[in-house]
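Dumped work.cif below, it's mmCIF, C-alpha atoms:
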```
data_final
loop_
_atom_site.label_atom_id
_atom_site.label_comp_id
_atom_site.auth_asym_id
_atom_site.auth_seq_id
_atom_site.Cartn_x
_atom_site.Cartn_y
_atom_site.Cartn_z
CA MET A 102 -137.78 62.16 -24.87
CA SER A 103 -134.84 62.09 -27.32
CA ALA A 104 -131.54 63.52 -26.19
CA PRO A 105 -131.13 67.24 -26.97
CA LYS A 106 -128.89 68.03 -29.89
CA SER A 107 -125.58 69.76 -29.30
CA PHE A 108 -125.66 73.51 -29.70
CA HIS A 109 -123.84 74.53 -32.91
CA LEU A 110 -122.62 78.04 -32.26
CA PRO A 111 -122.94 80.71 -34.96
CA LEU A 112 -120.09 81.45 -37.35
CA SER A 113 -119.24 84.66 -39.11
CA ARG A 114 -119.32 84.60 -42.92
CA ARG A 115 -115.52 84.65 -43.05
CA ARG A 116 -115.20 81.78 -40.60
CA LEU A 117 -117.81 79.76 -42.49
CA VAL A 118 -115.90 80.20 -45.76
CA GLN A 119 -112.72 79.10 -44.00
CA SER A 120 -114.37 75.95 -42.63
CA LEU A 121 -115.84 75.07 -46.03
CA SER A 122 -112.41 75.56 -47.61
CA LEU A 123 -110.86 73.19 -45.10
CA THR A 124 -113.45 70.56 -45.87
CA ALA A 125 -113.05 70.93 -49.64
CA ALA A 126 -109.28 70.63 -49.35
CA GLY A 127 -109.51 67.50 -47.23
CA LEU A 128 -107.80 69.23 -44.33
CA TRP A 129 -110.64 68.89 -41.82
CA ALA A 130 -109.45 67.20 -38.66
CA PRO A 131 -111.06 66.38 -35.30
CA GLY A 132 -111.07 69.50 -33.18
CA ALA A 133 -110.82 71.89 -36.13
CA PHE A 134 -114.36 73.15 -35.56
CA ALA A 135 -113.50 73.79 -31.92
CA GLU A 136 -111.33 76.71 -33.05
CA LEU A 137 -114.53 78.33 -34.38
CA LEU A 138 -116.56 78.06 -31.18
CA THR A 139 -118.14 81.25 -29.93
CA LEU A 140 -117.07 81.98 -26.37
CA THR A 141 -119.91 82.41 -23.90
CA PRO A 142 -119.93 86.06 -22.80
CA ALA A 143 -119.39 86.90 -19.15
CA MET A 144 -122.26 88.85 -17.58
CA THR A 145 -123.16 90.43 -14.28
CA GLU A 146 -123.95 88.19 -11.33
CA GLY A 147 -126.78 90.60 -10.55
CA PRO A 148 -127.89 91.79 -7.15
CA PHE A 149 -129.92 88.69 -6.28
CA PHE A 150 -127.48 85.82 -5.89
CA PRO A 151 -128.96 84.10 -2.81
CA ASP A 152 -127.93 85.87 0.40
CA LYS A 153 -128.89 82.66 2.21
CA LEU A 154 -128.48 79.41 0.31
CA PRO A 155 -131.35 76.91 0.58
CA LEU A 156 -130.89 73.61 2.43
CA ASP A 157 -131.64 71.76 -0.82
CA GLN A 158 -128.97 72.56 -3.41
CA ASP A 159 -129.38 69.75 -5.93
CA ASN A 160 -130.23 70.01 -9.62
CA ASP A 161 -133.98 69.50 -9.13
CA LEU A 162 -135.30 72.93 -8.17
CA ILE A 163 -138.95 71.89 -8.34
CA HIS A 164 -139.15 69.51 -5.39
CA LEU A 165 -138.00 70.30 -1.86
CA THR A 166 -137.50 67.55 0.70
CA ASP A 167 -139.82 69.22 3.22
CA HIS A 168 -142.61 70.06 0.72
CA THR A 169 -145.20 67.71 -0.73
CA SER A 170 -146.22 70.05 -3.55
CA PRO A 171 -143.92 71.00 -6.44
CA ALA A 172 -142.98 74.55 -7.32
CA LEU A 173 -145.45 76.67 -9.26
CA GLY A 174 -144.79 77.39 -12.93
CA THR A 175 -143.92 75.75 -16.23
CA ILE A 176 -141.44 72.92 -15.74
CA THR A 177 -138.29 73.45 -17.78
CA ASN A 178 -135.49 70.97 -18.45
CA LEU A 179 -132.07 72.52 -19.05
CA SER A 180 -129.00 70.60 -20.18
CA GLY A 181 -125.71 71.12 -21.93
CA ARG A 182 -121.97 70.87 -21.59
CA VAL A 183 -119.11 72.97 -20.24
CA LEU A 184 -116.31 73.23 -22.82
CA ASP A 185 -112.92 74.87 -22.82
CA SER A 186 -111.74 77.29 -25.48
CA LYS A 187 -110.67 74.37 -27.69
CA GLY A 188 -114.07 72.69 -27.48
CA ARG A 189 -112.96 69.98 -25.06
CA PRO A 190 -115.37 68.92 -22.29
CA LEU A 191 -114.50 69.92 -18.73
CA LYS A 192 -115.15 67.28 -16.09
CA ASP A 193 -116.04 68.14 -12.47
CA ALA A 194 -116.82 71.77 -13.22
CA LEU A 195 -119.28 73.16 -10.67
CA VAL A 196 -122.30 74.61 -12.47
CA GLU A 197 -124.66 76.80 -10.41
CA ILE A 198 -128.03 78.19 -11.39
CA TRP A 199 -130.18 80.81 -9.66
CA GLN A 200 -133.35 82.47 -10.88
CA ALA A 201 -136.66 84.11 -10.11
CA ASP A 202 -139.67 81.96 -9.25
CA ASP A 203 -142.91 81.93 -11.23
CA LYS A 204 -143.89 85.26 -9.65
CA GLY A 205 -140.56 86.94 -10.45
CA ALA A 206 -139.08 86.67 -6.92
CA TYR A 207 -135.59 85.45 -5.98
CA ILE A 208 -134.54 83.73 -2.78
CA HIS A 209 -132.99 86.98 -1.63
CA SER A 210 -134.12 89.16 1.27
CA GLN A 211 -134.01 92.32 -0.90
CA GLY A 212 -135.41 90.80 -4.07
CA ALA A 213 -138.54 92.09 -5.76
CA GLY A 214 -141.61 90.32 -4.39
CA ALA A 215 -139.60 88.54 -1.68
CA ALA A 216 -142.55 88.59 0.71
CA GLY A 217 -144.73 86.64 -1.73
CA ARG A 218 -142.08 84.22 -2.93
CA ASP A 219 -143.03 80.61 -3.71
CA ASP A 220 -141.53 78.77 -0.74
CA GLY A 221 -141.90 75.49 -2.61
CA PHE A 222 -139.32 76.56 -5.18
CA GLN A 223 -135.64 75.92 -4.52
CA GLY A 224 -134.44 78.97 -6.48
CA TYR A 225 -130.81 77.80 -6.57
CA GLY A 226 -129.11 74.56 -7.61
CA ARG A 227 -125.73 73.08 -8.41
CA PHE A 228 -124.35 70.21 -10.47
CA GLU A 229 -120.85 68.86 -11.16
CA THR A 230 -120.21 68.05 -14.79
CA SER A 231 -119.69 64.51 -16.07
CA ALA A 232 -116.65 63.21 -17.96
CA GLU A 233 -118.33 64.54 -21.12
CA GLY A 234 -118.74 67.97 -19.53
CA GLY A 235 -122.49 67.41 -19.21
CA TRP A 236 -124.81 69.18 -16.78
CA LYS A 237 -128.58 69.31 -16.32
CA PHE A 238 -131.24 71.04 -14.23
CA ARG A 239 -134.95 70.48 -13.78
CA THR A 240 -136.51 73.79 -12.89
CA ILE A 241 -139.25 76.21 -13.99
CA ARG A 242 -139.52 79.03 -16.49
CA PRO A 243 -138.51 82.17 -14.57
CA GLY A 244 -141.17 84.78 -13.92
CA LEU A 245 -140.80 88.34 -15.13
CA TYR A 246 -140.05 91.33 -12.92
CA THR A 247 -139.64 95.03 -13.65
CA GLY A 248 -136.58 96.00 -15.64
CA ARG A 249 -135.50 92.61 -17.01
CA THR A 250 -136.47 90.08 -19.62
CA ARG A 251 -136.90 86.40 -18.73
CA HIS A 252 -133.53 84.81 -17.88
CA TYR A 253 -131.49 82.35 -15.85
CA HIS A 254 -128.23 83.09 -14.04
CA PHE A 255 -125.38 80.58 -14.36
CA GLY A 256 -122.06 80.29 -12.59
CA VAL A 257 -119.25 77.89 -13.56
CA THR A 258 -116.27 77.23 -11.32
CA ILE A 259 -113.20 75.35 -12.50
CA LYS A 260 -110.46 74.34 -10.08
CA GLY A 261 -107.97 77.17 -9.77
CA GLN A 262 -110.23 79.70 -11.49
CA PRO A 263 -112.65 82.36 -10.23
CA ARG A 264 -116.33 81.70 -10.86
CA PHE A 265 -117.42 82.54 -14.41
CA VAL A 266 -120.92 84.07 -14.55
CA SER A 267 -123.27 84.37 -17.50
CA GLN A 268 -127.00 84.40 -18.23
CA LEU A 269 -129.34 82.43 -20.50
CA PHE A 270 -132.29 83.99 -22.31
CA PHE A 271 -135.46 82.84 -24.06
CA GLN A 272 -135.84 83.17 -27.81
CA GLY A 273 -138.87 85.19 -28.82
CA GLU A 274 -139.29 87.20 -25.60
CA ALA A 275 -140.52 90.69 -26.44
CA ALA A 276 -138.49 92.22 -23.60
CA ASN A 277 -135.20 90.91 -25.05
CA ALA A 278 -134.99 93.97 -27.28
CA SER A 279 -134.95 96.35 -24.30
CA ASP A 280 -133.00 94.28 -21.76
CA GLY A 281 -129.92 96.26 -20.80
CA VAL A 282 -127.81 93.22 -19.86
CA LEU A 283 -128.53 91.38 -23.11
CA ARG A 284 -128.09 94.52 -25.23
CA SER A 285 -124.70 95.19 -23.63
CA ILE A 286 -123.26 92.18 -25.49
CA ARG A 287 -121.86 93.90 -28.58
CA ASP A 288 -120.67 90.82 -30.43
CA GLU A 289 -123.63 89.44 -32.40
CA ALA A 290 -122.42 85.83 -32.29
CA GLN A 291 -121.94 85.97 -28.54
CA ARG A 292 -125.35 87.54 -28.03
CA ALA A 293 -126.97 84.85 -30.16
CA SER A 294 -125.14 82.13 -28.20
CA VAL A 295 -127.00 82.97 -24.96
CA ILE A 296 -130.50 83.06 -26.51
CA ARG A 297 -132.02 79.60 -26.81
CA GLU A 298 -135.23 78.12 -28.14
CA PHE A 299 -137.24 76.40 -25.42
CA LYS A 300 -139.19 73.62 -27.11
CA PRO A 301 -142.23 71.72 -25.80
CA VAL A 302 -141.51 68.20 -24.55
CA ALA A 303 -143.73 65.68 -26.32
CA ASP A 304 -146.83 64.53 -24.42
CA THR A 305 -146.16 66.91 -21.51
CA LYS A 306 -146.62 70.56 -20.60
CA GLU A 307 -142.89 70.91 -20.04
CA LEU A 308 -140.19 72.80 -21.96
CA ALA A 309 -136.60 71.84 -22.74
CA ALA A 310 -133.49 73.60 -24.02
CA SER A 311 -129.83 72.70 -24.52
CA TRP A 312 -126.92 75.12 -24.07
CA ASP A 313 -123.17 74.62 -24.19
CA ILE A 314 -121.13 76.98 -22.01
CA VAL A 315 -117.80 77.70 -23.71
CA LEU A 316 -115.14 79.13 -21.41
CA GLY A 317 -112.40 81.39 -22.72
CA PHE A 318 -109.43 79.45 -21.43
CA THR A 319 -107.81 76.03 -21.56
CA PRO A 320 -107.12 74.62 -18.07
CA GLY A 321 -103.84 72.80 -17.49
CA GLU A 322 -103.53 69.51 -15.66
CA ASP A 323 -103.44 71.28 -12.30
CA GLY A 324 -106.54 73.32 -13.16
CA ALA A 325 -104.60 76.51 -13.90
CA ALA A 326 -105.36 78.39 -17.11
CA LYS A 327 -102.95 78.19 -20.03
#
```
Translate this structure into C-alpha cells?
Amino acid sequence: MSAPKSFHLPLSRRRLVQSLSLTAAGLWAPGAFAELLTLTPAMTEGPFFPDKLPLDQDNDLIHLTDHTSPALGTITNLSGRVLDSKGRPLKDALVEIWQADDKGAYIHSQGAGAAGRDDGFQGYGRFETSAEGGWKFRTIRPGLYTGRTRHYHFGVTIKGQPRFVSQLFFQGEAANASDGVLRSIRDEAQRASVIREFKPVADTKELAASWDIVLGFTPGEDGAAK
C-alpha cells in the first residue's frame, strides 16, 4: 500500500488569493503555507472515555494478547501527523484514540450496549508521535449508536499542556447532517477538516484514511505554549 498523502487543509477564497499572489511575486518561502493551516477544532470528550483502561493500550486495537480471534468489524487504518500552529511536526506527543466497537458499544460501564460489547476489541489505544509528528492506529470502523453519527475520539497531550480532544468523522455518512457535535462547529473550514474520506485498501477489505491534527499553539523548548 502506498503511503497516504498529507492532508491539505481547506483555504478560504481570500486566503487562496493571498497564497497565489505570494507565489506569483516569488515571495513563497518554506513554512509560508503553514500560516494558512486550519486549526483542528476542540470537541467534547464525551461521556464514554474508558472508566477502566484495558490492559492492552497499544496502537493495534484489533488484536488482544489474550484473544486468538480479532475484533469484529471492518478493519480501518488511521494515520497522520500532529502539527503546531506553524505547521511544524510535534515529536513525542501522546495521541489517544477511543471509540465504539462494531456494535456501537464503548469500553465503559455505562455505555450503550455495554453488556453485549465485543470483548475481543481493545476500544482504546495510544501512540507517541515520531520525529516527523507521525502517528498511526489499526482499528475498526466504529459502529453506530443512537444520537450520534459514526466517529472516533482523539486526545493529544503535549508536555506542559492539558489534553486536547477532538473527533474524526466519515465523509458521506447520512447522520453527519444531524449530528449535534459536528454541527456545533460553526467554522466551515474547521468542520471540513475533521471529515475524512475512508478509502478501500487495494486487494483487501480494509479502509484507510489520513488526518493531520493541527494544534492552536506553538510549544516552547520546555513544552510550554508561546
Two-atom distance - atom CA of A:Asp288, atom CA of A:Leu138 (Å):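 Computing it gives 13.4 Å between the two atoms.
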Contact residues around A:Leu283 with only C-alpha atoms at 12 Å, ignoring same-chain residues under 4 positions, as a PyMOL selection string: chain A and resi 142-145+248-253+267-272+274+276-279+287-289+291-296
Selection dump of the PyMOL selection byres ((chain A and resi 256) around 12), as an MDAnalysis selection string: chainID A and resid 141:147 150 183 194:200 225:229 253:255 257:259 262:269 314 316
Residue subset to file, keeping C-alpha atoms, as a tab-separated table (two decimals), keeping the file's coordinate frame:
```tsv
chain	number	residue	atom	x	y	z
A	141	THR	CA	-119.91	82.41	-23.90
A	142	PRO	CA	-119.93	86.06	-22.80
A	143	ALA	CA	-119.39	86.90	-19.15
A	144	MET	CA	-122.26	88.85	-17.58
A	145	THR	CA	-123.16	90.43	-14.28
A	146	GLU	CA	-123.95	88.19	-11.33
A	147	GLY	CA	-126.78	90.60	-10.55
A	150	PHE	CA	-127.48	85.82	-5.89
A	183	VAL	CA	-119.11	72.97	-20.24
A	194	ALA	CA	-116.82	71.77	-13.22
A	195	LEU	CA	-119.28	73.16	-10.67
A	196	VAL	CA	-122.30	74.61	-12.47
A	197	GLU	CA	-124.66	76.80	-10.41
A	198	ILE	CA	-128.03	78.19	-11.39
A	199	TRP	CA	-130.18	80.81	-9.66
A	200	GLN	CA	-133.35	82.47	-10.88
A	225	TYR	CA	-130.81	77.80	-6.57
A	226	GLY	CA	-129.11	74.56	-7.61
A	227	ARG	CA	-125.73	73.08	-8.41
A	228	PHE	CA	-124.35	70.21	-10.47
A	229	GLU	CA	-120.85	68.86	-11.16
A	253	TYR	CA	-131.49	82.35	-15.85
A	254	HIS	CA	-128.23	83.09	-14.04
A	255	PHE	CA	-125.38	80.58	-14.36
A	257	VAL	CA	-119.25	77.89	-13.56
A	258	THR	CA	-116.27	77.23	-11.32
A	259	ILE	CA	-113.20	75.35	-12.50
A	262	GLN	CA	-110.23	79.70	-11.49
A	263	PRO	CA	-112.65	82.36	-10.23
A	264	ARG	CA	-116.33	81.70	-10.86
A	265	PHE	CA	-117.42	82.54	-14.41
A	266	VAL	CA	-120.92	84.07	-14.55
A	267	SER	CA	-123.27	84.37	-17.50
A	268	GLN	CA	-127.00	84.40	-18.23
A	269	LEU	CA	-129.34	82.43	-20.50
A	314	ILE	CA	-121.13	76.98	-22.01
A	316	LEU	CA	-115.14	79.13	-21.41
```
Suppose a student applies the PyMOL selection byres ((chain A and resi 236-240) around 7) to this structure; what residues should they get, written as a ChimeraX atom specification? /A:160-163,176-182,228-231,234-235,241
Any chance you could export the current selection's C-alpha atoms as a PDB file, keeping the file's coordinate frame?
```
ATOM      1  CA  ASN A 160    -130.230  70.010  -9.620  1.00  0.00           C
ATOM      2  CA  ASP A 161    -133.980  69.500  -9.130  1.00  0.00           C
ATOM      3  CA  LEU A 162    -135.300  72.930  -8.170  1.00  0.00           C
ATOM      4  CA  ILE A 163    -138.950  71.890  -8.340  1.00  0.00           C
ATOM      5  CA  ILE A 176    -141.440  72.920 -15.740  1.00  0.00           C
ATOM      6  CA  THR A 177    -138.290  73.450 -17.780  1.00  0.00           C
ATOM      7  CA  ASN A 178    -135.490  70.970 -18.450  1.00  0.00           C
ATOM      8  CA  LEU A 179    -132.070  72.520 -19.050  1.00  0.00           C
ATOM      9  CA  SER A 180    -129.000  70.600 -20.180  1.00  0.00           C
ATOM     10  CA  GLY A 181    -125.710  71.120 -21.930  1.00  0.00           C
ATOM     11  CA  ARG A 182    -121.970  70.870 -21.590  1.00  0.00           C
ATOM     12  CA  PHE A 228    -124.350  70.210 -10.470  1.00  0.00           C
ATOM     13  CA  GLU A 229    -120.850  68.860 -11.160  1.00  0.00           C
ATOM     14  CA  THR A 230    -120.210  68.050 -14.790  1.00  0.00           C
ATOM     15  CA  SER A 231    -119.690  64.510 -16.070  1.00  0.00           C
ATOM     16  CA  GLY A 234    -118.740  67.970 -19.530  1.00  0.00           C
ATOM     17  CA  GLY A 235    -122.490  67.410 -19.210  1.00  0.00           C
ATOM     18  CA  ILE A 241    -139.250  76.210 -13.990  1.00  0.00           C
TER      19      ILE A 241
END
```
I'd like to see the residues matched by the PyMOL selection byres ((chain A and resi 301) around 12) on this file, and ideally I'd get them as a PDB file with C-alpha atoms, in the coordinates of the input.
```pdb
ATOM      1  CA  MET A 102    -137.780  62.160 -24.870  1.00  0.00           C
ATOM      2  CA  THR A 175    -143.920  75.750 -16.230  1.00  0.00           C
ATOM      3  CA  ILE A 176    -141.440  72.920 -15.740  1.00  0.00           C
ATOM      4  CA  THR A 177    -138.290  73.450 -17.780  1.00  0.00           C
ATOM      5  CA  ASN A 178    -135.490  70.970 -18.450  1.00  0.00           C
ATOM      6  CA  GLU A 298    -135.230  78.120 -28.140  1.00  0.00           C
ATOM      7  CA  PHE A 299    -137.240  76.400 -25.420  1.00  0.00           C
ATOM      8  CA  LYS A 300    -139.190  73.620 -27.110  1.00  0.00           C
ATOM      9  CA  VAL A 302    -141.510  68.200 -24.550  1.00  0.00           C
ATOM     10  CA  ALA A 303    -143.730  65.680 -26.320  1.00  0.00           C
ATOM     11  CA  ASP A 304    -146.830  64.530 -24.420  1.00  0.00           C
ATOM     12  CA  THR A 305    -146.160  66.910 -21.510  1.00  0.00           C
ATOM     13  CA  LYS A 306    -146.620  70.560 -20.600  1.00  0.00           C
ATOM     14  CA  GLU A 307    -142.890  70.910 -20.040  1.00  0.00           C
ATOM     15  CA  LEU A 308    -140.190  72.800 -21.960  1.00  0.00           C
ATOM     16  CA  ALA A 309    -136.600  71.840 -22.740  1.00  0.00           C
ATOM     17  CA  ALA A 310    -133.490  73.600 -24.020  1.00  0.00           C
TER      18      ALA A 310
END
```
Here is a test: counting all atoms listed in the file, which residue of A:Leu184, A:Ala275, A:Leu165, A:Leu245 is nearest to A:Ala232? A:Leu184
Just to confirm, what's the straight-line distance from atom CA of A:Gly217 to atom CA of A:Gly273 in Å (one decimal)?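 Value for the atom CA of A:Gly217-atom CA of A:Gly273 distance: 27.8 Å.
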So the first atom is atom CA of A:Val282 and the second is atom CA of A:Gly174; what is the distance between them in Å, to one decimal place? 24.2 Å
Test item: residues at most 10 Å from A:Asp220, only C-alpha atoms, excluding those fewer than 6 positions along its chain, as a VMD selection string: chain A and resid 165 168 171 to 173 202 208
Expected file content for stretch 294-324 of chain A, N, CA and C atoms, as a PDB file, in the first residue's frame:
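part.pdb was written with the following content:
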```pdb
ATOM      1  N   SER A 294     -12.314  19.999   8.097  1.00  0.00           N
ATOM      2  CA  SER A 294     -11.021  19.411   8.444  1.00  0.00           C
ATOM      3  C   SER A 294     -11.138  18.145   9.283  1.00  0.00           C
ATOM      4  N   VAL A 295     -12.311  17.902   9.893  1.00  0.00           N
ATOM      5  CA  VAL A 295     -12.472  16.699  10.718  1.00  0.00           C
ATOM      6  C   VAL A 295     -13.365  15.657  10.039  1.00  0.00           C
ATOM      7  N   ILE A 296     -13.661  15.849   8.774  1.00  0.00           N
ATOM      8  CA  ILE A 296     -14.410  14.867   7.982  1.00  0.00           C
ATOM      9  C   ILE A 296     -13.479  14.322   6.913  1.00  0.00           C
ATOM     10  N   ARG A 297     -13.203  13.033   6.944  1.00  0.00           N
ATOM     11  CA  ARG A 297     -12.229  12.455   6.040  1.00  0.00           C
ATOM     12  C   ARG A 297     -12.862  11.376   5.167  1.00  0.00           C
ATOM     13  N   GLU A 298     -12.262  11.173   4.013  1.00  0.00           N
ATOM     14  CA  GLU A 298     -12.666  10.088   3.125  1.00  0.00           C
ATOM     15  C   GLU A 298     -11.905   8.825   3.510  1.00  0.00           C
ATOM     16  N   PHE A 299     -12.630   7.761   3.775  1.00  0.00           N
ATOM     17  CA  PHE A 299     -12.020   6.479   4.111  1.00  0.00           C
ATOM     18  C   PHE A 299     -12.029   5.620   2.850  1.00  0.00           C
ATOM     19  N   LYS A 300     -10.845   5.393   2.301  1.00  0.00           N
ATOM     20  CA  LYS A 300     -10.726   4.732   1.010  1.00  0.00           C
ATOM     21  C   LYS A 300     -10.402   3.248   1.177  1.00  0.00           C
ATOM     22  N   PRO A 301     -10.887   2.411   0.265  1.00  0.00           N
ATOM     23  CA  PRO A 301     -10.543   0.983   0.304  1.00  0.00           C
ATOM     24  C   PRO A 301      -9.046   0.782   0.070  1.00  0.00           C
ATOM     25  N   VAL A 302      -8.466  -0.156   0.791  1.00  0.00           N
ATOM     26  CA  VAL A 302      -7.067  -0.534   0.593  1.00  0.00           C
ATOM     27  C   VAL A 302      -7.026  -1.617  -0.485  1.00  0.00           C
ATOM     28  N   ALA A 303      -6.190  -1.435  -1.471  1.00  0.00           N
ATOM     29  CA  ALA A 303      -6.135  -2.349  -2.609  1.00  0.00           C
ATOM     30  C   ALA A 303      -5.933  -3.800  -2.175  1.00  0.00           C
ATOM     31  N   ASP A 304      -6.696  -4.693  -2.797  1.00  0.00           N
ATOM     32  CA  ASP A 304      -6.583  -6.145  -2.599  1.00  0.00           C
ATOM     33  C   ASP A 304      -6.922  -6.592  -1.177  1.00  0.00           C
ATOM     34  N   THR A 305      -7.658  -5.780  -0.450  1.00  0.00           N
ATOM     35  CA  THR A 305      -8.102  -6.142   0.905  1.00  0.00           C
ATOM     36  C   THR A 305      -9.541  -5.671   1.072  1.00  0.00           C
ATOM     37  N   LYS A 306     -10.097  -5.975   2.247  1.00  0.00           N
ATOM     38  CA  LYS A 306     -11.415  -5.458   2.614  1.00  0.00           C
ATOM     39  C   LYS A 306     -11.275  -4.330   3.640  1.00  0.00           C
ATOM     40  N   GLU A 307     -10.084  -3.792   3.732  1.00  0.00           N
ATOM     41  CA  GLU A 307      -9.796  -2.770   4.736  1.00  0.00           C
ATOM     42  C   GLU A 307     -10.002  -1.354   4.184  1.00  0.00           C
ATOM     43  N   LEU A 308     -10.079  -0.394   5.107  1.00  0.00           N
ATOM     44  CA  LEU A 308     -10.184   1.017   4.770  1.00  0.00           C
ATOM     45  C   LEU A 308      -8.970   1.758   5.329  1.00  0.00           C
ATOM     46  N   ALA A 309      -8.705   2.939   4.779  1.00  0.00           N
ATOM     47  CA  ALA A 309      -7.598   3.756   5.276  1.00  0.00           C
ATOM     48  C   ALA A 309      -7.940   5.234   5.126  1.00  0.00           C
ATOM     49  N   ALA A 310      -7.456   6.034   6.059  1.00  0.00           N
ATOM     50  CA  ALA A 310      -7.617   7.479   5.996  1.00  0.00           C
ATOM     51  C   ALA A 310      -6.432   8.143   6.670  1.00  0.00           C
ATOM     52  N   SER A 311      -6.116   9.360   6.219  1.00  0.00           N
ATOM     53  CA  SER A 311      -5.033  10.150   6.793  1.00  0.00           C
ATOM     54  C   SER A 311      -5.596  11.463   7.318  1.00  0.00           C
ATOM     55  N   TRP A 312      -5.088  11.906   8.477  1.00  0.00           N
ATOM     56  CA  TRP A 312      -5.616  13.113   9.113  1.00  0.00           C
ATOM     57  C   TRP A 312      -4.509  13.787   9.917  1.00  0.00           C
ATOM     58  N   ASP A 313      -4.245  15.031   9.612  1.00  0.00           N
ATOM     59  CA  ASP A 313      -3.296  15.815  10.390  1.00  0.00           C
ATOM     60  C   ASP A 313      -4.037  16.603  11.458  1.00  0.00           C
ATOM     61  N   ILE A 314      -3.575  16.498  12.699  1.00  0.00           N
ATOM     62  CA  ILE A 314      -4.157  17.221  13.824  1.00  0.00           C
ATOM     63  C   ILE A 314      -3.318  18.475  14.045  1.00  0.00           C
ATOM     64  N   VAL A 315      -3.919  19.641  13.855  1.00  0.00           N
ATOM     65  CA  VAL A 315      -3.200  20.909  13.949  1.00  0.00           C
ATOM     66  C   VAL A 315      -3.604  21.610  15.237  1.00  0.00           C
ATOM     67  N   LEU A 316      -2.659  21.741  16.156  1.00  0.00           N
ATOM     68  CA  LEU A 316      -2.938  22.340  17.463  1.00  0.00           C
ATOM     69  C   LEU A 316      -2.767  23.854  17.413  1.00  0.00           C
ATOM     70  N   GLY A 317      -3.547  24.547  18.200  1.00  0.00           N
ATOM     71  CA  GLY A 317      -3.583  26.001  18.149  1.00  0.00           C
ATOM     72  C   GLY A 317      -2.576  26.694  19.014  1.00  0.00           C
ATOM     73  N   PHE A 318      -1.370  26.147  19.125  1.00  0.00           N
ATOM     74  CA  PHE A 318      -0.326  26.818  19.878  1.00  0.00           C
ATOM     75  C   PHE A 318       1.029  26.349  19.375  1.00  0.00           C
ATOM     76  N   THR A 319       2.068  27.093  19.733  1.00  0.00           N
ATOM     77  CA  THR A 319       3.428  26.719  19.385  1.00  0.00           C
ATOM     78  C   THR A 319       4.166  26.449  20.689  1.00  0.00           C
ATOM     79  N   PRO A 320       4.529  25.191  20.977  1.00  0.00           N
ATOM     80  CA  PRO A 320       5.215  24.895  22.231  1.00  0.00           C
ATOM     81  C   PRO A 320       6.642  25.432  22.225  1.00  0.00           C
ATOM     82  N   GLY A 321       7.104  25.915  23.384  1.00  0.00           N
ATOM     83  CA  GLY A 321       8.481  26.352  23.519  1.00  0.00           C
ATOM     84  C   GLY A 321       9.383  25.155  23.784  1.00  0.00           C
ATOM     85  N   GLU A 322      10.623  25.396  24.002  1.00  0.00           N
ATOM     86  CA  GLU A 322      11.585  24.314  24.205  1.00  0.00           C
ATOM     87  C   GLU A 322      11.269  23.487  25.438  1.00  0.00           C
ATOM     88  N   ASP A 323      10.658  24.119  26.445  1.00  0.00           N
ATOM     89  CA  ASP A 323      10.325  23.397  27.674  1.00  0.00           C
ATOM     90  C   ASP A 323       8.930  22.788  27.620  1.00  0.00           C
ATOM     91  N   GLY A 324       8.271  22.885  26.437  1.00  0.00           N
ATOM     92  CA  GLY A 324       6.947  22.314  26.285  1.00  0.00           C
ATOM     93  C   GLY A 324       5.836  23.286  26.587  1.00  0.00           C
TER      94      GLY A 324
END
```
